[in-house]
Amino acid sequence: METKTQATHTYTAPDYYGLDELLSDEHKIIRDSVRAWINEHIIPYINDWAQNNQCPKHLIPGMGEMGLFGPSLPEEYGCPGLDEMAYGLIMQEIERADSGIRSMCSVQGSLVMYPIYKYGSEAQKQKYLPKLATGELMGCFGLTEPDHGSNPGGMTTHFTDEGDHYLLNGAKTWISNSPFADIAVVWAKNEEGRIHGLIVERGMDGFSTPKIENKWSLRASDTGELVFEDVKVPKENLLPGISGLRGPLGCLDKARYGIAWGAIGAAMDCYSTALRYAKEREQFGQPIAGFQLQQKKLAEMLTEITKMQLLTWRLGTLMNEGRATTAQISLAKRNNVATALEIAREARQVLGGMGITGDYPIMRHMMNLESVITYEGTHDIHLLITGYDITGISAFRGSK
Amino acid sequence: MLKILVCISHVPDTTTKIKFEADGSALDRTGVTFVINPYCEYGLSRAIGLREEGKQVSITALCVGGPEVEPTLRKALAIGADDAVRIDAPANDSAFVARQIAAYAKGKEFDLIFTGKESIDFNGSIVPGMVAELMDFAFISFATHMEMKGDNSATFHREIDGGMEVLDATFPVVVSCQKGISEWRIPNMRGIMAARKKPLAKVSPAEVREYVDPVKLTYPPARGNTQYFEPEDAQGLVGTLIDKGLI
């Protein structure tokens, strides 16, 4: 049975530098509408879902109706056609509730719908995008393999041309949404070793999606594997518009941009919770917010949140203008997720023992962010992307 | 086709900490988020409900105010109004606002005019009655329920002391909406995008004199010190009251 947790109902989003003035009226309506939807449909229940390791799949039709899947893709495919700033704000609001649910939306929008939109044939777009936008179909994205995480170019999943179809073999792992996804956008090598994207549908012979159990993180989101054993994939399911590692990496740019915003949402929730608690909790005859060490924590959290907000606002502007580079997106993802994780840890300390309970969202955010700092490019790899960008020397392969 | 006018007040969000300008002449709007008055939103939502019930409706959202109210009207369009009208004048005075609404609505053959039961900023609760009078429409105040009865009338519920009143009214009618008549709606992303393309007209105000002149806003007196007594400490309470010469 689900019980409502009231802890975050008095959430106040910090806006210390009046960043709202940099947003359009439409952006604010979008953000506030998503916030209202989240407050009604997720916040009261999320603790139970996470504690019970339950992915709230019943939310999917409502999320589709709200327009949370592929919000920046065009209206002709049933999507809202919003800009990148709006997409970022939506991710921020969803992750304020939970990174796992934001992951579900990120994967659907940036890693499934975006590659079909960007690299797919017109027939593929017509067939899949409108149903993915409503949530009638859910998707997942297969890039990472058991032996190839930070080095996706080393992938061994491969397909051969069998005349009237392709034959796909291999395995992918750490795949958000895989246990229930209807389709998977899978990156695999052809006979020449060139990477291509294939749309694999649930029900194809030889295709299975085992679930990964025992996670301490993203517990309200399903994660699994994709296993391909002689899967016959129709030729029309190959994404014709791209080949090489550029394909999946282009999708990751979109998703990482959304993660940079999402991390702010988690950080703002932790800060808002800690500030409220510190003003209410009394020790030595006064609210603990009056003690210097607590003020230091709160002041530094707000400082970092303000910097994250300005960073992503600028990045959103560059995204809208089509000028954001992969390296700039890496910097934002790396900075914001690590900062949000640090804020979660500090906020947890403000709450003392209460911080470890599900009555407050902080520990859940903290555990979620331990995944977010690793997925979609690890914290270290993003550093090396920045390092490569500023020196022109790749350090990915080390000295060997 | 039912022609519906929904009157929208543009009010500070319910969580706003109210501050005044230093001279007390007006609200200090710095950092204040404005929203659709929640009671007006019930009216808008009920109008959209009629469409969902299969009625042919056109829904016009109207607000009296300067350009700053346009985001609020845009949100009404995102929720589902078909078009919006901004009467370009400050809304300082209930009679002035009511006369602006009536001047706009006259001759446009509205069947229904929805308003909130009051606006949550000044809580006057005056405008809807005035509009009904000026339009010579029936008036249902504090409606908690509305159900169509045929094509040209409806049954309404009103909360009254200790019970409920049930009324039938033939259109045209002004309805001031209370909690219960509908549920608020959250606009979705497609609605927000569609709102971009819907018309939002700026209309010059009618020649109407302002009836009152706001002079000053002041805060309520600060709450005094509160002393709490445990339930079993009646003696302490009575002793304190005697000490203070209150009994």
# chains A, B, ... in the order shown; residues from 1 in each chain; ligands from 1
call {"tool": "residues_around", "arguments": {"residues": "A:Asn177", "least_positions_apart": "3", "cutoff": "10 Å", "atoms": "only C-alpha atoms", "output": "list in words"}}
result
Cys55, Lys57, Gly100, Ser103, Met104, Cys105, Val107, Gln108, Met138, Gly139, Cys140, Phe141, Trp174, Phe180, Ala181, Asp182, Ile183, Ala184, Thr209, Lys211, Ser221, Asp222, Thr223, Gly224 and Glu225 of chain A
call {"tool": "interface_residues", "arguments": {"of": "chain B", "to": "chain A", "cutoff": "9 Å", "atoms": "only C-alpha atoms", "output": "number ranges by chain"}}
result
B: 31, 71, 74-75, 78, 186-194, 196
call {"tool": "write_last_selection", "arguments": {"atoms": "N, CA and C atoms", "output": "short mmCIF file (atom, residue, chain, number, x, y, z; two decimals), in the first residue's frame"}}
result
data_model
loop_
_atom_site.label_atom_id
_atom_site.label_comp_id
_atom_site.auth_asym_id
_atom_site.auth_seq_id
_atom_site.Cartn_x
_atom_site.Cartn_y
_atom_site.Cartn_z
N GLY B 31 9.96 40.10 -7.28
CA GLY B 31 10.06 38.68 -6.94
C GLY B 31 8.73 37.98 -6.73
N PRO B 71 1.01 36.92 -19.54
CA PRO B 71 1.38 35.52 -19.25
C PRO B 71 0.25 34.74 -18.59
N ARG B 74 -2.06 33.86 -21.28
CA ARG B 74 -1.44 32.83 -22.11
C ARG B 74 -1.60 31.46 -21.44
N LYS B 75 -1.51 31.45 -20.11
CA LYS B 75 -1.69 30.18 -19.40
C LYS B 75 -3.15 29.71 -19.54
N ALA B 78 -3.32 28.07 -22.70
CA ALA B 78 -2.64 26.76 -22.64
C ALA B 78 -3.55 25.72 -21.99
N ILE B 186 -3.76 21.13 -15.11
CA ILE B 186 -2.37 21.51 -15.37
C ILE B 186 -2.19 21.52 -16.89
N PRO B 187 -1.75 22.63 -17.46
CA PRO B 187 -1.58 22.61 -18.92
C PRO B 187 -0.48 21.64 -19.33
N ASN B 188 -0.69 20.95 -20.45
CA ASN B 188 0.38 20.07 -20.93
C ASN B 188 1.20 20.79 -21.99
N MET B 189 2.30 20.16 -22.38
CA MET B 189 3.26 20.83 -23.26
C MET B 189 2.64 21.17 -24.62
N ARG B 190 1.77 20.28 -25.11
CA ARG B 190 1.15 20.55 -26.41
C ARG B 190 0.21 21.75 -26.30
N GLY B 191 -0.50 21.82 -25.17
CA GLY B 191 -1.41 22.95 -24.93
C GLY B 191 -0.64 24.26 -24.85
N ILE B 192 0.52 24.22 -24.22
CA ILE B 192 1.34 25.43 -24.08
C ILE B 192 1.82 25.88 -25.47
N MET B 193 2.21 24.93 -26.30
CA MET B 193 2.63 25.28 -27.66
C MET B 193 1.45 25.80 -28.48
N ALA B 194 0.28 25.15 -28.32
CA ALA B 194 -0.90 25.58 -29.08
C ALA B 194 -1.29 27.00 -28.69
N ARG B 196 0.49 29.46 -28.19
CA ARG B 196 1.26 30.45 -28.97
C ARG B 196 0.45 30.99 -30.15
#
call {"tool": "residues_around", "arguments": {"residues": "B:Lys202", "least_positions_apart": "2", "cutoff": "8 Å", "atoms": "only C-alpha atoms", "output": "list in words"}}
result
Val85, Arg86, Ile87, Asp88, Leu200 and Ser204 of chain B
call {"tool": "residues_around", "arguments": {"residues": "A:Met113", "least_positions_apart": "6", "cutoff": "9 Å", "atoms": "only C-alpha atoms", "output": "CSV table (one decimal) with C-alpha atoms, in the first residue's frame"}}
result
chain,number,residue,atom,x,y,z
A,69,PHE,CA,8.6,12.4,-23.9
A,70,GLY,CA,10.7,14.0,-26.6
A,73,LEU,CA,11.0,17.2,-31.2
A,107,VAL,CA,16.1,7.7,-22.4
A,125,LYS,CA,9.7,8.3,-37.9
A,128,TYR,CA,7.5,5.0,-34.0
A,129,LEU,CA,7.7,8.7,-33.0
A,132,LEU,CA,6.8,7.0,-28.4
A,133,ALA,CA,5.5,10.6,-27.7
A,139,GLY,CA,12.0,2.5,-25.8
call {"tool": "closest_residue", "arguments": {"among": "B:Leu134, B:Val203, B:Ile120, B:Cys63", "to": "B:Thr15", "atoms": "only C-alpha atoms"}}
result
B:Ile120
call {"tool": "atom_distance", "arguments": {"atom1": "atom CA of A:Lys279", "atom2": "atom CA of A:Ile43"}}
result
22.1 Å
call {"tool": "closest_residue", "arguments": {"among": "B:Pro205, B:Ala76, B:Phe20, B:Gly66", "to": "B:Trp184", "atoms": "only C-alpha atoms"}}
result
B:Ala76
call {"tool": "residues_around", "arguments": {"residues": "stretch 159-161 of chain B", "least_positions_apart": "5", "cutoff": "12 Å", "atoms": "only C-alpha atoms", "output": "list in words"}}
result
Lys117, Ile140, Ser141, Phe142, Ala143, Thr144, His145, Val166, Leu167, Cys177, Gln178, Lys179, Gly180 and Ile181 of chain B
call {"tool": "select_by_dssp", "arguments": {"residues": "chain B", "states": "strand (DSSP E)", "output": "number ranges by chain"}}
result
B: 2-7, 10-12, 34-36, 57-64, 83-87, 112-116, 138-148, 153-160, 163-170, 173-177, 200-203
call {"tool": "write_last_selection", "arguments": {"atoms": "C-alpha atoms", "output": "compact mmCIF listing (two decimals), in the first residue's frame"}}
result
# COMPACT_ATOMS: atom_id res chain seq x y z
CA LEU B 2 -22.42 28.02 -26.15
CA LYS B 3 -20.49 31.27 -25.99
CA ILE B 4 -18.60 31.44 -22.73
CA LEU B 5 -16.65 34.32 -21.23
CA VAL B 6 -14.28 33.44 -18.42
CA CYS B 7 -13.13 36.41 -16.35
CA HIS B 10 -4.20 38.12 -12.21
CA VAL B 11 -3.16 37.69 -8.57
CA PRO B 12 -0.02 37.00 -6.51
CA PHE B 34 1.50 36.01 -10.42
CA VAL B 35 -1.03 33.30 -11.22
CA ILE B 36 -4.57 32.87 -12.45
CA VAL B 57 -18.46 25.81 -26.88
CA SER B 58 -16.26 28.79 -27.55
CA ILE B 59 -14.28 29.97 -24.55
CA THR B 60 -12.92 33.50 -24.31
CA ALA B 61 -10.67 34.37 -21.37
CA LEU B 62 -10.71 38.02 -20.33
CA CYS B 63 -8.53 39.99 -17.94
CA VAL B 64 -8.50 43.68 -17.12
CA ASP B 83 -8.98 33.13 -27.40
CA ALA B 84 -8.11 35.82 -24.91
CA VAL B 85 -8.84 39.48 -24.42
CA ARG B 86 -6.90 41.97 -22.35
CA ILE B 87 -8.74 45.18 -21.46
CA LEU B 112 -22.33 32.08 -19.72
CA ILE B 113 -19.94 34.36 -17.88
CA PHE B 114 -17.78 32.51 -15.37
CA THR B 115 -15.91 34.38 -12.66
CA GLY B 116 -14.22 33.38 -9.43
CA ALA B 138 -29.19 35.86 -13.98
CA PHE B 139 -26.59 35.51 -11.24
CA ILE B 140 -25.52 32.38 -9.42
CA SER B 141 -22.98 33.15 -6.71
CA PHE B 142 -20.62 30.71 -4.96
CA ALA B 143 -21.56 27.84 -7.29
CA THR B 144 -20.14 24.48 -6.23
CA HIS B 145 -21.73 22.43 -9.01
CA MET B 146 -23.11 22.99 -12.49
CA GLU B 147 -24.87 20.53 -14.72
CA MET B 148 -26.36 21.32 -18.12
CA SER B 153 -30.13 26.14 -18.99
CA ALA B 154 -28.35 24.45 -16.15
CA THR B 155 -28.79 23.27 -12.59
CA PHE B 156 -26.47 24.85 -10.04
CA HIS B 157 -25.60 24.04 -6.44
CA ARG B 158 -24.70 26.77 -3.95
CA GLU B 159 -23.36 26.30 -0.47
CA ILE B 160 -25.52 28.01 2.09
CA GLY B 163 -26.96 23.12 3.71
CA MET B 164 -27.07 23.41 -0.04
CA GLU B 165 -29.31 25.31 -2.38
CA VAL B 166 -30.23 23.88 -5.78
CA LEU B 167 -31.19 26.32 -8.51
CA ASP B 168 -32.09 26.11 -12.17
CA ALA B 169 -31.21 29.07 -14.36
CA THR B 170 -31.82 29.78 -18.00
CA VAL B 173 -26.15 33.69 -16.58
CA VAL B 174 -23.18 34.92 -14.59
CA VAL B 175 -21.69 32.20 -12.38
CA SER B 176 -19.20 32.98 -9.60
CA CYS B 177 -17.29 29.77 -8.96
CA LEU B 200 -4.77 37.40 -27.56
CA ALA B 201 -6.39 40.74 -28.31
CA LYS B 202 -5.65 44.01 -26.59
CA VAL B 203 -8.81 46.08 -26.24
call {"tool": "atom_distance", "arguments": {"atom1": "atom CA of A:Leu351", "atom2": "atom CA of A:Ala338"}}
result
20.4 Å
call {"tool": "decode", "arguments": {"residues": "stretch 166-177 of chain B", "atoms": "N, CA and C atoms", "output": "PDB file, in the first residue's frame"}}
result
ATOM      1  N   VAL B 166     -30.248  24.346  -4.395  1.00  0.00           N
ATOM      2  CA  VAL B 166     -30.229  23.878  -5.783  1.00  0.00           C
ATOM      3  C   VAL B 166     -31.094  24.819  -6.605  1.00  0.00           C
ATOM      4  N   LEU B 167     -30.498  25.325  -7.694  1.00  0.00           N
ATOM      5  CA  LEU B 167     -31.192  26.320  -8.507  1.00  0.00           C
ATOM      6  C   LEU B 167     -31.108  25.945  -9.977  1.00  0.00           C
ATOM      7  N   ASP B 168     -32.155  26.198 -10.708  1.00  0.00           N
ATOM      8  CA  ASP B 168     -32.089  26.115 -12.166  1.00  0.00           C
ATOM      9  C   ASP B 168     -32.032  27.537 -12.704  1.00  0.00           C
ATOM     10  N   ALA B 169     -31.248  27.738 -13.742  1.00  0.00           N
ATOM     11  CA  ALA B 169     -31.214  29.066 -14.357  1.00  0.00           C
ATOM     12  C   ALA B 169     -31.122  28.912 -15.866  1.00  0.00           C
ATOM     13  N   THR B 170     -31.871  29.754 -16.541  1.00  0.00           N
ATOM     14  CA  THR B 170     -31.822  29.780 -18.003  1.00  0.00           C
ATOM     15  C   THR B 170     -30.766  30.802 -18.413  1.00  0.00           C
ATOM     16  N   PHE B 171     -30.009  30.462 -19.450  1.00  0.00           N
ATOM     17  CA  PHE B 171     -28.947  31.367 -19.908  1.00  0.00           C
ATOM     18  C   PHE B 171     -29.593  32.594 -20.521  1.00  0.00           C
ATOM     19  N   PRO B 172     -28.939  33.742 -20.505  1.00  0.00           N
ATOM     20  CA  PRO B 172     -27.566  33.964 -20.060  1.00  0.00           C
ATOM     21  C   PRO B 172     -27.474  34.106 -18.543  1.00  0.00           C
ATOM     22  N   VAL B 173     -26.319  33.675 -18.027  1.00  0.00           N
ATOM     23  CA  VAL B 173     -26.150  33.694 -16.583  1.00  0.00           C
ATOM     24  C   VAL B 173     -24.684  33.977 -16.233  1.00  0.00           C
ATOM     25  N   VAL B 174     -24.519  34.719 -15.146  1.00  0.00           N
ATOM     26  CA  VAL B 174     -23.179  34.921 -14.585  1.00  0.00           C
ATOM     27  C   VAL B 174     -23.020  33.935 -13.426  1.00  0.00           C
ATOM     28  N   VAL B 175     -21.911  33.198 -13.428  1.00  0.00           N
ATOM     29  CA  VAL B 175     -21.686  32.201 -12.379  1.00  0.00           C
ATOM     30  C   VAL B 175     -20.387  32.553 -11.655  1.00  0.00           C
ATOM     31  N   SER B 176     -20.455  32.807 -10.360  1.00  0.00           N
ATOM     32  CA  SER B 176     -19.202  32.975  -9.605  1.00  0.00           C
ATOM     33  C   SER B 176     -18.867  31.627  -8.962  1.00  0.00           C
ATOM     34  N   CYS B 177     -17.635  31.179  -9.222  1.00  0.00           N
ATOM     35  CA  CYS B 177     -17.294  29.774  -8.959  1.00  0.00           C
ATOM     36  C   CYS B 177     -16.567  29.584  -7.635  1.00  0.00           C
TER      37      CYS B 177
END
